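K.L.:
Quick one, my_file_14.tsv (TSV, C-alpha atoms and all ligand atoms):
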chain	number	residue	atom	x	y	z
A	1	MET	CA	0.00	0.00	0.00
A	2	ALA	CA	1.53	3.30	-1.10
A	3	ARG	CA	1.06	6.66	0.56
A	4	ILE	CA	-0.50	9.00	-2.00
A	5	ALA	CA	-1.15	12.73	-1.73
A	6	PHE	CA	-4.28	13.75	-3.67
A	7	ILE	CA	-4.54	17.49	-4.41
A	8	GLY	CA	-7.80	19.02	-5.70
A	9	LEU	CA	-11.06	17.64	-4.30
A	10	GLY	CA	-13.55	19.16	-6.73
A	11	ASN	CA	-16.24	17.45	-8.79
A	12	MET	CA	-13.75	14.99	-10.26
A	13	GLY	CA	-11.00	14.83	-7.66
A	14	ARG	CA	-13.21	13.95	-4.71
A	15	PRO	CA	-14.68	10.72	-6.16
A	16	MET	CA	-11.28	9.79	-7.64
A	17	ALA	CA	-9.60	10.20	-4.25
A	18	LEU	CA	-12.33	8.14	-2.59
A	19	ASN	CA	-11.85	5.28	-5.07
A	20	LEU	CA	-8.07	5.40	-4.71
A	21	GLY	CA	-8.47	5.38	-0.91
A	22	LYS	CA	-9.95	1.88	-1.14
A	23	ALA	CA	-6.53	0.55	-2.21
A	24	HIS	CA	-3.95	3.05	-0.92
A	25	ASP	CA	-3.22	5.30	2.02
A	26	VAL	CA	-4.54	8.57	0.53
A	27	VAL	CA	-3.93	11.94	2.19
A	28	ALA	CA	-6.04	14.61	0.50
A	29	TYR	CA	-5.76	18.39	0.25
A	30	ASP	CA	-7.76	21.18	-1.37
A	31	VAL	CA	-7.24	24.90	-0.92
A	32	SER	CA	-10.98	25.20	-0.26
A	33	GLU	CA	-12.16	24.19	3.20
A	34	ALA	CA	-15.60	23.40	1.78
A	35	ALA	CA	-14.04	20.94	-0.68
A	36	ARG	CA	-12.13	19.24	2.15
A	37	ALA	CA	-15.23	18.89	4.33
A	38	GLY	CA	-16.41	15.32	4.65
A	39	VAL	CA	-13.26	13.81	3.14
A	40	SER	CA	-11.67	11.74	5.87
A	41	GLN	CA	-7.88	11.74	5.54
A	42	SER	CA	-7.95	15.36	4.34
A	43	VAL	CA	-5.39	17.74	5.79
A	44	ALA	CA	-5.18	21.54	5.91
A	45	SER	CA	-1.91	22.10	4.04
A	46	LEU	CA	-0.07	20.91	0.95
A	47	ALA	CA	3.04	20.26	3.06
A	48	GLU	CA	1.13	17.85	5.33
A	49	ALA	CA	-0.39	16.09	2.33
A	50	VAL	CA	2.88	15.41	0.53
A	51	ALA	CA	4.99	14.51	3.59
A	52	ASP	CA	6.43	10.99	3.05
A	53	ALA	CA	4.32	10.58	-0.10
A	54	ASP	CA	5.25	7.91	-2.66
A	55	ALA	CA	3.10	9.66	-5.25
A	56	VAL	CA	1.32	13.00	-5.68
A	57	ILE	CA	-1.83	13.26	-7.80
A	58	THR	CA	-3.31	16.61	-8.84
A	59	MET	CA	-6.81	17.28	-10.24
A	60	LEU	CA	-6.96	21.06	-10.65
A	61	PRO	CA	-8.88	23.52	-12.84
A	62	ALA	CA	-6.21	24.89	-15.24
A	63	GLY	CA	-2.52	25.26	-16.10
A	64	SER	CA	-1.95	28.22	-13.74
A	65	HIS	CA	-3.20	26.17	-10.75
A	66	VAL	CA	-1.05	23.20	-11.71
A	67	ARG	CA	2.08	25.35	-12.10
A	68	ALA	CA	1.43	27.05	-8.75
A	69	VAL	CA	0.90	23.77	-6.89
A	70	TYR	CA	4.05	22.14	-8.32
A	71	GLU	CA	6.41	25.04	-8.97
A	72	GLY	CA	5.36	27.56	-6.29
A	73	ALA	CA	7.78	28.62	-3.56
A	74	GLU	CA	5.99	26.26	-1.15
A	75	GLY	CA	4.89	23.86	-3.86
A	76	VAL	CA	5.39	20.14	-4.43
A	77	PHE	CA	8.86	20.45	-5.97
A	78	ALA	CA	10.10	22.62	-3.08
A	79	LEU	CA	8.76	19.95	-0.73
A	80	ALA	CA	10.50	17.09	-2.58
A	81	PRO	CA	13.06	16.49	0.23
A	82	HIS	CA	10.16	15.67	2.61
A	83	MET	CA	8.68	12.99	0.34
A	84	ALA	CA	9.45	9.27	0.23
A	85	SER	CA	13.15	8.57	-0.20
A	86	GLY	CA	14.04	7.92	-3.82
A	87	GLY	CA	11.51	10.51	-4.99
A	88	ALA	CA	7.76	10.59	-5.38
A	89	LEU	CA	5.99	10.11	-8.69
A	90	CYS	CA	3.92	13.15	-9.73
A	91	ILE	CA	0.73	12.52	-11.72
A	92	ASP	CA	-1.25	15.48	-13.05
A	93	CYS	CA	-4.76	14.39	-14.06
A	94	SER	CA	-6.03	17.94	-14.78
A	95	THR	CA	-6.83	19.03	-18.34
A	96	ILE	CA	-4.35	21.84	-19.07
A	97	ASP	CA	-2.46	23.37	-21.99
A	98	VAL	CA	0.31	21.28	-23.51
A	99	GLU	CA	2.92	24.01	-22.97
A	100	SER	CA	2.32	24.25	-19.19
A	101	SER	CA	2.22	20.48	-18.94
A	102	ARG	CA	5.63	20.16	-20.62
A	103	ALA	CA	7.08	23.01	-18.52
A	104	VAL	CA	5.97	21.35	-15.25
A	105	ALA	CA	7.36	17.98	-16.39
A	106	ALA	CA	10.72	19.63	-17.14
A	107	ALA	CA	10.70	21.31	-13.71
A	108	ALA	CA	9.92	17.94	-12.10
A	109	GLU	CA	12.97	16.46	-13.78
A	110	ARG	CA	15.11	19.31	-12.44
A	111	ALA	CA	13.72	18.58	-8.96
A	112	GLY	CA	14.70	14.92	-9.37
A	113	LEU	CA	11.10	13.67	-9.57
A	114	ALA	CA	9.36	11.56	-12.20
A	115	MET	CA	6.16	12.99	-13.65
A	116	VAL	CA	3.36	12.09	-16.04
A	117	ASP	CA	0.41	14.05	-17.38
A	118	ALA	CA	-2.68	11.84	-17.20
A	119	PRO	CA	-5.84	13.75	-18.20
A	120	VAL	CA	-9.07	11.81	-18.16
A	121	SER	CA	-11.97	11.11	-20.45
A	122	GLY	CA	-15.29	10.49	-18.72
A	123	GLY	CA	-17.12	12.90	-16.44
A	124	VAL	CA	-18.21	12.86	-12.81
A	125	ALA	CA	-20.23	9.66	-13.24
A	126	ALA	CA	-17.16	7.81	-14.56
A	127	ALA	CA	-15.03	9.28	-11.76
A	128	GLN	CA	-17.54	7.93	-9.23
A	129	ALA	CA	-17.76	4.53	-10.90
A	130	GLY	CA	-13.98	4.26	-11.30
A	131	THR	CA	-14.33	3.85	-15.06
A	132	LEU	CA	-12.28	6.80	-16.35
A	133	THR	CA	-9.93	6.57	-19.34
A	134	PHE	CA	-6.46	8.00	-18.62
A	135	MET	CA	-4.25	9.31	-21.46
A	136	VAL	CA	-0.73	9.35	-20.14
A	137	GLY	CA	2.33	11.32	-21.26
A	138	GLY	CA	5.79	10.62	-19.86
A	139	SER	CA	8.71	8.20	-19.93
A	140	HIS	CA	8.12	4.43	-20.06
A	141	GLY	CA	9.49	4.14	-16.52
A	142	ALA	CA	7.15	6.80	-15.14
A	143	PHE	CA	4.19	5.26	-17.00
A	144	ALA	CA	4.97	1.85	-15.51
A	145	ARG	CA	4.84	3.39	-12.02
A	146	ALA	CA	1.66	5.40	-12.72
A	147	GLU	CA	-0.39	2.67	-14.41
A	148	PRO	CA	-1.21	0.50	-11.35
A	149	ILE	CA	-2.18	3.59	-9.35
A	150	LEU	CA	-4.44	5.00	-12.07
A	151	ALA	CA	-6.03	1.58	-12.62
A	152	HIS	CA	-7.85	2.01	-9.27
A	153	MET	CA	-9.72	4.99	-10.74
A	154	GLY	CA	-10.29	3.93	-14.32
A	155	ARG	CA	-10.82	1.07	-16.72
A	156	ALA	CA	-8.30	2.15	-19.37
A	157	VAL	CA	-4.81	3.60	-18.86
A	158	ILE	CA	-3.13	4.33	-22.19
A	159	HIS	CA	0.45	5.50	-22.78
A	160	ALA	CA	0.19	8.32	-25.33
A	161	GLY	CA	3.92	9.18	-25.58
A	162	VAL	CA	6.36	11.68	-24.06
A	163	ALA	CA	5.51	14.43	-21.55
A	164	GLY	CA	2.50	16.45	-22.71
A	165	ALA	CA	1.28	13.69	-25.06
A	166	GLY	CA	-1.62	12.86	-22.71
A	167	GLN	CA	-2.81	16.48	-22.88
A	168	ALA	CA	-2.35	16.50	-26.65
A	169	ALA	CA	-4.51	13.36	-26.99
A	170	LYS	CA	-7.17	14.79	-24.68
A	171	ILE	CA	-7.61	18.12	-26.50
A	172	CYS	CA	-7.52	16.51	-29.96
A	173	ASN	CA	-10.19	14.02	-28.85
A	174	ASN	CA	-12.37	16.75	-27.38
A	175	MET	CA	-11.97	18.98	-30.44
A	176	LEU	CA	-13.26	16.05	-32.51
A	177	LEU	CA	-16.12	15.55	-30.02
A	178	GLY	CA	-17.15	19.23	-30.14
A	179	VAL	CA	-17.10	19.30	-33.93
A	180	SER	CA	-18.99	16.00	-34.25
A	181	MET	CA	-21.67	17.08	-31.76
A	182	ILE	CA	-22.36	20.26	-33.74
A	183	GLY	CA	-22.51	18.21	-36.94
A	184	VAL	CA	-25.01	15.78	-35.40
A	185	CYS	CA	-27.15	18.67	-34.10
A	186	GLU	CA	-27.26	20.31	-37.54
A	187	ALA	CA	-28.20	17.03	-39.19
A	188	PHE	CA	-31.14	16.48	-36.79
A	189	ILE	CA	-32.37	20.06	-37.25
A	190	LEU	CA	-32.30	19.74	-41.05
A	191	ALA	CA	-33.83	16.25	-40.98
A	192	GLU	CA	-36.73	17.52	-38.88
A	193	LYS	CA	-37.29	20.53	-41.18
A	194	LEU	CA	-37.36	18.12	-44.14
A	195	GLY	CA	-40.14	16.16	-42.44
A	196	LEU	CA	-38.20	13.24	-40.97
A	197	GLU	CA	-39.01	12.02	-37.46
A	198	GLY	CA	-35.98	12.31	-35.15
A	199	GLN	CA	-36.19	8.62	-34.27
A	200	THR	CA	-36.34	7.64	-37.95
A	201	PHE	CA	-33.29	9.73	-38.80
A	202	PHE	CA	-31.47	8.21	-35.79
A	203	ASP	CA	-32.34	4.65	-36.89
A	204	ILE	CA	-30.95	5.34	-40.36
A	205	ALA	CA	-27.86	7.46	-39.55
A	206	SER	CA	-26.78	5.15	-36.72
A	207	LYS	CA	-26.55	2.35	-39.30
A	208	ALA	CA	-25.15	4.52	-42.08
A	209	SER	CA	-21.92	6.44	-42.64
A	210	GLY	CA	-22.97	9.33	-40.36
A	211	GLN	CA	-22.65	7.05	-37.33
A	212	CYS	CA	-20.50	8.47	-34.51
A	213	TRP	CA	-20.37	8.58	-30.68
A	214	SER	CA	-22.18	11.95	-30.50
A	215	LEU	CA	-25.09	10.32	-32.34
A	216	THR	CA	-25.30	6.81	-30.93
A	217	SER	CA	-24.14	7.30	-27.32
A	218	TYR	CA	-24.98	10.93	-26.64
A	219	CYS	CA	-27.82	11.78	-29.01
A	220	PRO	CA	-28.70	15.51	-28.67
A	221	VAL	CA	-32.45	14.98	-29.23
A	222	PRO	CA	-34.66	13.28	-26.63
A	223	GLY	CA	-35.81	9.72	-27.27
A	224	PRO	CA	-33.36	7.60	-29.24
A	225	VAL	CA	-30.70	7.23	-26.49
A	226	PRO	CA	-32.48	7.17	-23.10
A	227	ALA	CA	-29.30	7.89	-21.09
A	228	SER	CA	-28.36	11.03	-23.05
A	229	PRO	CA	-28.72	14.47	-21.34
A	230	ALA	CA	-31.31	15.50	-23.97
A	231	ASN	CA	-33.80	13.41	-21.97
A	232	ARG	CA	-33.28	15.46	-18.79
A	233	GLY	CA	-33.30	19.05	-20.03
A	234	TYR	CA	-29.59	19.00	-20.97
A	235	GLU	CA	-28.44	18.75	-17.38
A	236	PRO	CA	-24.73	17.82	-17.56
A	237	GLY	CA	-23.11	15.33	-18.19
A	238	PHE	CA	-20.26	17.27	-19.65
A	239	ALA	CA	-20.89	20.99	-19.28
A	240	ALA	CA	-20.65	23.25	-22.34
A	241	ALA	CA	-18.26	25.49	-20.33
A	242	MET	CA	-15.87	22.52	-20.01
A	243	MET	CA	-16.14	21.81	-23.72
A	244	LEU	CA	-15.36	25.47	-24.42
A	245	LYS	CA	-12.29	25.27	-22.18
A	246	ASP	CA	-11.00	22.22	-24.08
A	247	LEU	CA	-11.73	23.79	-27.50
A	248	ARG	CA	-9.77	26.88	-26.43
A	249	LEU	CA	-6.85	24.67	-25.36
A	250	ALA	CA	-6.99	22.97	-28.76
A	251	GLN	CA	-6.91	26.34	-30.57
A	252	THR	CA	-3.98	27.54	-28.44
A	253	ALA	CA	-2.11	24.35	-29.32
A	254	ALA	CA	-3.05	24.67	-33.00
A	255	HIS	CA	-1.72	28.26	-33.10
A	256	SER	CA	1.57	27.35	-31.48
A	257	ALA	CA	1.96	24.29	-33.74
A	258	GLY	CA	1.07	26.38	-36.83
A	259	VAL	CA	-1.76	24.00	-37.76
A	260	ALA	CA	-5.05	25.12	-39.34
A	261	THR	CA	-8.07	23.62	-37.57
A	262	PRO	CA	-10.93	25.69	-39.04
A	263	LEU	CA	-13.72	23.40	-37.81
A	264	GLY	CA	-12.18	23.38	-34.32
A	265	ALA	CA	-12.08	27.19	-34.44
A	266	GLU	CA	-15.73	27.32	-35.54
A	267	ALA	CA	-16.74	24.90	-32.79
A	268	GLN	CA	-14.96	27.10	-30.25
A	269	ALA	CA	-16.80	30.20	-31.53
A	270	LEU	CA	-20.18	28.43	-31.38
A	271	TYR	CA	-19.60	27.12	-27.84
A	272	ALA	CA	-18.44	30.62	-26.76
A	273	LEU	CA	-21.72	32.00	-28.14
A	274	TYR	CA	-23.72	29.27	-26.39
A	275	ALA	CA	-21.95	30.01	-23.09
A	276	ALA	CA	-22.51	33.77	-23.54
A	277	GLN	CA	-26.22	33.08	-24.00
A	278	GLY	CA	-26.36	31.20	-20.70
A	279	GLY	CA	-25.67	27.65	-21.89
A	280	GLY	CA	-22.32	27.16	-20.14
A	281	ARG	CA	-23.76	25.12	-17.29
A	282	LYS	CA	-25.91	22.98	-19.55
A	283	ASP	CA	-24.65	19.81	-21.17
A	284	PHE	CA	-22.61	20.44	-24.32
A	285	SER	CA	-25.24	18.61	-26.41
A	286	GLY	CA	-27.69	21.39	-25.43
A	287	ILE	CA	-26.07	23.54	-28.12
A	288	ILE	CA	-28.80	22.12	-30.37
A	289	GLU	CA	-31.19	24.61	-28.72
A	290	MET	CA	-29.10	27.53	-29.91
A	291	LEU	CA	-28.51	26.03	-33.37
A	292	ARG	CA	-32.30	25.61	-33.73
A	293	GLY	CA	-32.57	29.34	-33.11
A	294	GLU	CA	-34.70	28.74	-30.03
A	295	GLY	CA	-34.33	31.97	-28.01
A	296	MET	CA	-32.84	29.95	-25.10
A	297	ILE	CA	-32.77	29.11	-21.59
A	301	LIG	P1	-13.46	21.64	-9.89
A	301	LIG	O1	-13.38	23.12	-10.11
A	301	LIG	O2	-14.74	21.05	-9.39
A	301	LIG	O3	-12.30	21.19	-8.86
A	301	LIG	C1	-11.03	21.76	-8.82
A	301	LIG	C2	-10.58	21.82	-7.36
A	301	LIG	O4	-9.23	22.30	-7.30
A	301	LIG	C3	-11.42	22.78	-6.52
A	301	LIG	O5	-11.99	22.10	-5.41
A	301	LIG	C4	-10.42	23.84	-6.07
A	301	LIG	O6	-10.67	24.38	-4.78
A	301	LIG	C5	-9.12	23.07	-6.12
A	301	LIG	N1	-7.93	23.93	-6.20
A	301	LIG	C6	-7.72	25.03	-6.97
A	301	LIG	N2	-6.51	25.54	-6.72
A	301	LIG	C7	-5.94	24.75	-5.76
A	301	LIG	C8	-4.69	24.78	-5.09
A	301	LIG	N3	-3.78	25.74	-5.33
A	301	LIG	N4	-4.44	23.82	-4.17
A	301	LIG	C9	-5.34	22.86	-3.90
A	301	LIG	N5	-6.54	22.79	-4.50
A	301	LIG	C10	-6.84	23.72	-5.42
A	301	LIG	O7	-13.04	20.99	-11.27
A	301	LIG	P2	-13.34	19.47	-11.78
A	301	LIG	O8	-14.64	19.44	-12.49
A	301	LIG	O9	-13.08	18.55	-10.65
A	301	LIG	O10	-12.21	19.34	-12.91
A	301	LIG	C11	-10.85	19.16	-12.57
A	301	LIG	C12	-10.07	18.99	-13.86
A	301	LIG	O11	-10.57	17.84	-14.56
A	301	LIG	C13	-10.16	20.17	-14.84
A	301	LIG	O12	-8.91	20.38	-15.42
A	301	LIG	C14	-11.19	19.69	-15.86
A	301	LIG	O13	-11.01	20.28	-17.14
A	301	LIG	C15	-10.91	18.20	-15.90
A	301	LIG	N6	-12.06	17.36	-16.31
A	301	LIG	C16	-13.29	17.59	-15.78
A	301	LIG	C17	-14.36	16.79	-16.19
A	301	LIG	C18	-15.74	17.03	-15.62
A	301	LIG	O14	-16.71	16.47	-16.18
A	301	LIG	N7	-15.90	17.79	-14.55
A	301	LIG	C19	-14.16	15.76	-17.11
A	301	LIG	C20	-12.88	15.52	-17.61
A	301	LIG	C21	-11.83	16.35	-17.19
As structure tokens - that is how I would like this structure written.
Ligand code: NAD
P.N.:
Amino acid sequence: MARIAFIGLGNMGRPMALNLGKAHDVVAYDVSEAARAGVSQSVASLAEAVADADAVITMLPAGSHVRAVYEGAEGVFALAPHMASGGALCIDCSTIDVESSRAVAAAAERAGLAMVDAPVSGGVAAAQAGTLTFMVGGSHGAFARAEPILAHMGRAVIHAGVAGAGQAAKICNNMLLGVSMIGVCEAFILAEKLGLEGQTFFDIASKASGQCWSLTSYCPVPGPVPASPANRGYEPGFAAAMMLKDLRLAQTAAHSAGVATPLGAEAQALYALYAAQGGGRKDFSGIIEMLRGEGMI
């Protein structure tokens, strides 16, 4: 049983830490007292959490939080001498920009610590069920150490490549998801205007070349897929604000890589509009309301 510091007890981090606590000695910390409340094994400082730790896991909102927690004057790297002898493994599960992720990994190396980025696919329900998919960037050695730990919180742990590769896989996947959801929404709106029943169009497209996850697992119209958020007023699920965050990360990466991703850019603009109209807290499939031209919300 390893001693693991878990930092960031928000919507995702709390259930992940609870699942990990079934197999390891987890000491948890969040800057917010409210987030710590009710989590046994939570402590009131980062220093207490990482003392003697064999591994540190972070699940934080964005790159600036991750850099502060690891690289700050009283951050994880400064506390490295107080961790398990031989050096703790650092695992960042947050979704952040590739550049920050690579910078933190380089700083970890300078501090003598191994690190992987391991962003997740799957929302709060998957975090609770322990069925997340982890996309991991880092050396083979660091991956081999991270895999058995992450396996307690997910059902798939995939090595994507070097440091930052996990973040790259995550934002490329979510750019594809955002684009495909908008495409599915437009197809349903047009099909309905042309006199097709939604269910009929679903039955055909799900067995034809338009088939994709946004259609068959997360259908944006009520009826065909009972579990999809369309059947409960577009309650998330995966909030449109989160999708917008990931689409922005994808555009930042595309700009710095000099790659044209015009559909990704359009998807970002549409989700920004949806969020500005009050859709940010709704499920990302709720964008169909805006695309239909229904006043909204
Ligand atoms: P959240 O805002 O609910 O939780 C983040 C937590 O980090 C908060 O409790 C906050 O107090 C804490 N925090 C911030 N700064 C801190 C610091 N300096 N020290 C300690 N704690 C600090 O966010 P979430 O929904 O749990 O998402 C976490 C990450 O997972 C994000 O990067 C998000 O993009 C990603 N993600 C979320 C989902 C989802 O469905 N919610 C799905 C996949 C990935």
K.L.:
Hey, which residues come within 6 Å of ligand LIG 301 (chain A) if we count all atoms listed in the file? Could you give them as a PyMOL selection string?
P.N.:
chain A and resi 7-13+30-32+35+59-62+65+69+94-95+120-124+238
K.L.:
Considering all atoms listed in the file, can you say which of A:Val66, A:Ala187, A:Ser217, A:Ala37 comes closest to Ala205 (chain A)?
P.N.:
A:Ala187
K.L.:
Just checking: using all atoms listed in the file, which residue out of A:Leu46, A:Tyr218, A:Ala257, A:Phe143 ends up closest to Tyr70 (chain A)?
P.N.:
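Closest residue, counting all atoms listed in the file: A:Leu46.
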K.L.:
Using all atoms listed in the file, which residues of region 67-140 of chain A come within 12 Å of region 145-151 of chain A, and what is the closest atom pair for each, with the distance in Å to one decimal? Give it as JSON lines, sorted by chain and residue number.
P.N.:
{"residue": "A:Ala88", "atom": "CA", "partner": "A:Arg145", "partner_atom": "CA", "distance": 10.2}
{"residue": "A:Leu89", "atom": "CA", "partner": "A:Ala146", "partner_atom": "CA", "distance": 7.6}
{"residue": "A:Cys90", "atom": "CA", "partner": "A:Ala146", "partner_atom": "CA", "distance": 8.6}
{"residue": "A:Ile91", "atom": "CA", "partner": "A:Ala146", "partner_atom": "CA", "distance": 7.2}
{"residue": "A:Asp92", "atom": "CA", "partner": "A:Ala146", "partner_atom": "CA", "distance": 10.5}
{"residue": "A:Cys93", "atom": "CA", "partner": "A:Leu150", "partner_atom": "CA", "distance": 9.6}
{"residue": "A:Ala114", "atom": "CA", "partner": "A:Arg145", "partner_atom": "CA", "distance": 9.3}
{"residue": "A:Met115", "atom": "CA", "partner": "A:Ala146", "partner_atom": "CA", "distance": 8.9}
{"residue": "A:Val116", "atom": "CA", "partner": "A:Ala146", "partner_atom": "CA", "distance": 7.7}
{"residue": "A:Asp117", "atom": "CA", "partner": "A:Ala146", "partner_atom": "CA", "distance": 9.9}
{"residue": "A:Ala118", "atom": "CA", "partner": "A:Leu150", "partner_atom": "CA", "distance": 8.7}
{"residue": "A:Pro119", "atom": "CA", "partner": "A:Leu150", "partner_atom": "CA", "distance": 10.8}
{"residue": "A:Val120", "atom": "CA", "partner": "A:Leu150", "partner_atom": "CA", "distance": 10.2}
{"residue": "A:Ala127", "atom": "CA", "partner": "A:Leu150", "partner_atom": "CA", "distance": 11.4}
{"residue": "A:Gly130", "atom": "CA", "partner": "A:Ala151", "partner_atom": "CA", "distance": 8.5}
{"residue": "A:Thr131", "atom": "CA", "partner": "A:Ala151", "partner_atom": "CA", "distance": 8.9}
{"residue": "A:Leu132", "atom": "CA", "partner": "A:Ala151", "partner_atom": "CA", "distance": 9.0}
{"residue": "A:Thr133", "atom": "CA", "partner": "A:Ala151", "partner_atom": "CA", "distance": 9.2}
{"residue": "A:Phe134", "atom": "CA", "partner": "A:Leu150", "partner_atom": "CA", "distance": 7.5}
{"residue": "A:Met135", "atom": "CA", "partner": "A:Leu150", "partner_atom": "CA", "distance": 10.3}
{"residue": "A:Val136", "atom": "CA", "partner": "A:Ala146", "partner_atom": "CA", "distance": 8.7}
{"residue": "A:Gly137", "atom": "CA", "partner": "A:Ala146", "partner_atom": "CA", "distance": 10.4}
{"residue": "A:Gly138", "atom": "CA", "partner": "A:Ala146", "partner_atom": "CA", "distance": 9.8}
{"residue": "A:Ser139", "atom": "CA", "partner": "A:Arg145", "partner_atom": "CA", "distance": 10.0}
{"residue": "A:His140", "atom": "CA", "partner": "A:Arg145", "partner_atom": "CA", "distance": 8.7}
K.L.:
Considering all atoms listed in the file, state which residue in the set A:Met181, A:Leu196, A:Leu79, A:Gly154 is at the smallest distance from Tyr271 (chain A).
P.N.:
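Checking each candidate against Tyr271 (chain A), we get A:Met181 as the closest.
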K.L.:
Using 6 Å of padding on each side, determine the axis-aligned box around all atoms of region 86-101 of chain A present in the file and give its centre and edge lengths in Å to one decimal, as lines of an AutoDock Vina configuration file.
P.N.:
center_x = 3.6
center_y = 16.1
center_z = -13.7
size_x = 32.9
size_y = 28.3
size_z = 31.7
K.L.:
Could you please determine the separation between CA of Ala108 (chain A) and CA of Glu33 (chain A) in Å, to one decimal place?
P.N.:
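Interatomic distance here is 27.6 Å.
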K.L.:
Identify, on the basis of all atoms listed in the file, every residue whose closest approach to Thr252 (chain A) does not exceed 10 Å; exclude the query and any residue fewer than 4 positions from it along the same chain; express the result as a list in words.
P.N.:
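Answer for this query is Asp97, Val98, Glu99, Asp246, Leu247, Arg248, Ser256, Ala257 and Gly258 of chain A.
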K.L.:
Choose the residue, out of A:Leu244, A:Ala260, A:Val76, A:Ile171, that has the smallest atom-to-atom separation from Phe284 (chain A); count all atoms listed in the file.
P.N.:
A:Leu244
K.L.:
So how many Å separate CA of Gly264 (chain A) and CA of Asn174 (chain A), to one decimal?
P.N.:
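Result for CA of Gly264 (chain A) versus CA of Asn174 (chain A): 9.6 Å, one decimal.
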K.L.:
What's the separation between CA of Met83 (chain A) and CA of Ala49 (chain A), in Å to one decimal place?
P.N.:
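Straight-line distance from CA of Met83 (chain A) to CA of Ala49 (chain A) works out to 9.8 Å.
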K.L.:
With only C-alpha atoms as the basis for distance, which of A:Ala126, A:Val179, A:Ala80, A:Leu194 is at the shortest distance from Arg110 (chain A)?
P.N.:
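Closest candidate: A:Ala80.
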K.L.:
Show me, as a compact mmCIF listing (two decimals) with C-alpha atoms, keeping the file's coordinate frame, the residues that have an atom within 9 Å of Leu177 (chain A) when counting all atoms listed in the file, minus same-chain residues fewer than 6 positions from it.
P.N.:
# COMPACT_ATOMS: atom_id res chain seq x y z
CA TRP A 213 -20.37 8.58 -30.68
CA SER A 214 -22.18 11.95 -30.50
CA MET A 243 -16.14 21.81 -23.72
K.L.:
Which residues are near Glu197 (chain A)? Cut-off 12 Å, all atoms listed in the file, ignore same chain within fewer than 5 positions. Put them as a CSV table (one decimal) with C-alpha atoms, in the coordinates of the input.
P.N.:
chain,number,residue,atom,x,y,z
A,188,PHE,CA,-31.1,16.5,-36.8
A,189,ILE,CA,-32.4,20.1,-37.2
A,190,LEU,CA,-32.3,19.7,-41.0
A,191,ALA,CA,-33.8,16.2,-41.0
A,192,GLU,CA,-36.7,17.5,-38.9
A,202,PHE,CA,-31.5,8.2,-35.8
A,203,ASP,CA,-32.3,4.6,-36.9
A,204,ILE,CA,-31.0,5.3,-40.4
A,221,VAL,CA,-32.4,15.0,-29.2
A,222,PRO,CA,-34.7,13.3,-26.6
A,223,GLY,CA,-35.8,9.7,-27.3
A,224,PRO,CA,-33.4,7.6,-29.2
K.L.:
Give me the residues within 8 Å of Ser206 (chain A) as an MDAnalysis selection string, counting all atoms listed in the file and dropping any in the same chain fewer than 5 places off.
P.N.:
chainID A and resid 211:212 215:216
K.L.:
Rank A:Gly210, A:Pro236, A:Gly198, A:Gly164 by their smallest atom-to-atom distance to Ser180 (chain A), using only C-alpha atoms, and report the top residue only.
P.N.:
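Nearest to Ser180 (chain A): A:Gly210.
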K.L.:
Since the input has fewer atoms than a full residue there, write region 166-176 of chain A out with N, CA and C atoms, as an mmCIF file, in the frame of the given file.
P.N.:
data_model
loop_
_atom_site.group_PDB
_atom_site.id
_atom_site.type_symbol
_atom_site.label_atom_id
_atom_site.label_comp_id
_atom_site.auth_asym_id
_atom_site.auth_seq_id
_atom_site.Cartn_x
_atom_site.Cartn_y
_atom_site.Cartn_z
ATOM 1 N N GLY A 166 -0.284 13.147 -23.258
ATOM 2 C CA GLY A 166 -1.620 12.860 -22.710
ATOM 3 C C GLY A 166 -2.532 14.060 -22.945
ATOM 4 N N GLN A 167 -2.011 15.257 -22.658
ATOM 5 C CA GLN A 167 -2.810 16.480 -22.880
ATOM 6 C C GLN A 167 -3.110 16.657 -24.357
ATOM 7 N N ALA A 168 -2.136 16.358 -25.200
ATOM 8 C CA ALA A 168 -2.350 16.500 -26.650
ATOM 9 C C ALA A 168 -3.483 15.576 -27.099
ATOM 10 N N ALA A 169 -3.462 14.321 -26.612
ATOM 11 C CA ALA A 169 -4.510 13.360 -26.990
ATOM 12 C C ALA A 169 -5.872 13.840 -26.501
ATOM 13 N N LYS A 170 -5.898 14.357 -25.287
ATOM 14 C CA LYS A 170 -7.170 14.790 -24.680
ATOM 15 C C LYS A 170 -7.798 15.941 -25.484
ATOM 16 N N ILE A 171 -6.993 16.967 -25.822
ATOM 17 C CA ILE A 171 -7.610 18.120 -26.500
ATOM 18 C C ILE A 171 -7.937 17.802 -27.959
ATOM 19 N N CYS A 172 -7.160 16.919 -28.593
ATOM 20 C CA CYS A 172 -7.520 16.510 -29.960
ATOM 21 C C CYS A 172 -8.824 15.718 -29.941
ATOM 22 N N ASN A 173 -8.956 14.810 -28.970
ATOM 23 C CA ASN A 173 -10.190 14.020 -28.850
ATOM 24 C C ASN A 173 -11.393 14.940 -28.618
ATOM 25 N N ASN A 174 -11.216 15.910 -27.702
ATOM 26 C CA ASN A 174 -12.370 16.750 -27.380
ATOM 27 C C ASN A 174 -12.688 17.752 -28.481
ATOM 28 N N MET A 175 -11.683 18.141 -29.269
ATOM 29 C CA MET A 175 -11.970 18.980 -30.440
ATOM 30 C C MET A 175 -12.841 18.184 -31.417
ATOM 31 N N LEU A 176 -12.481 16.930 -31.622
ATOM 32 C CA LEU A 176 -13.260 16.050 -32.510
ATOM 33 C C LEU A 176 -14.694 15.885 -31.970
#
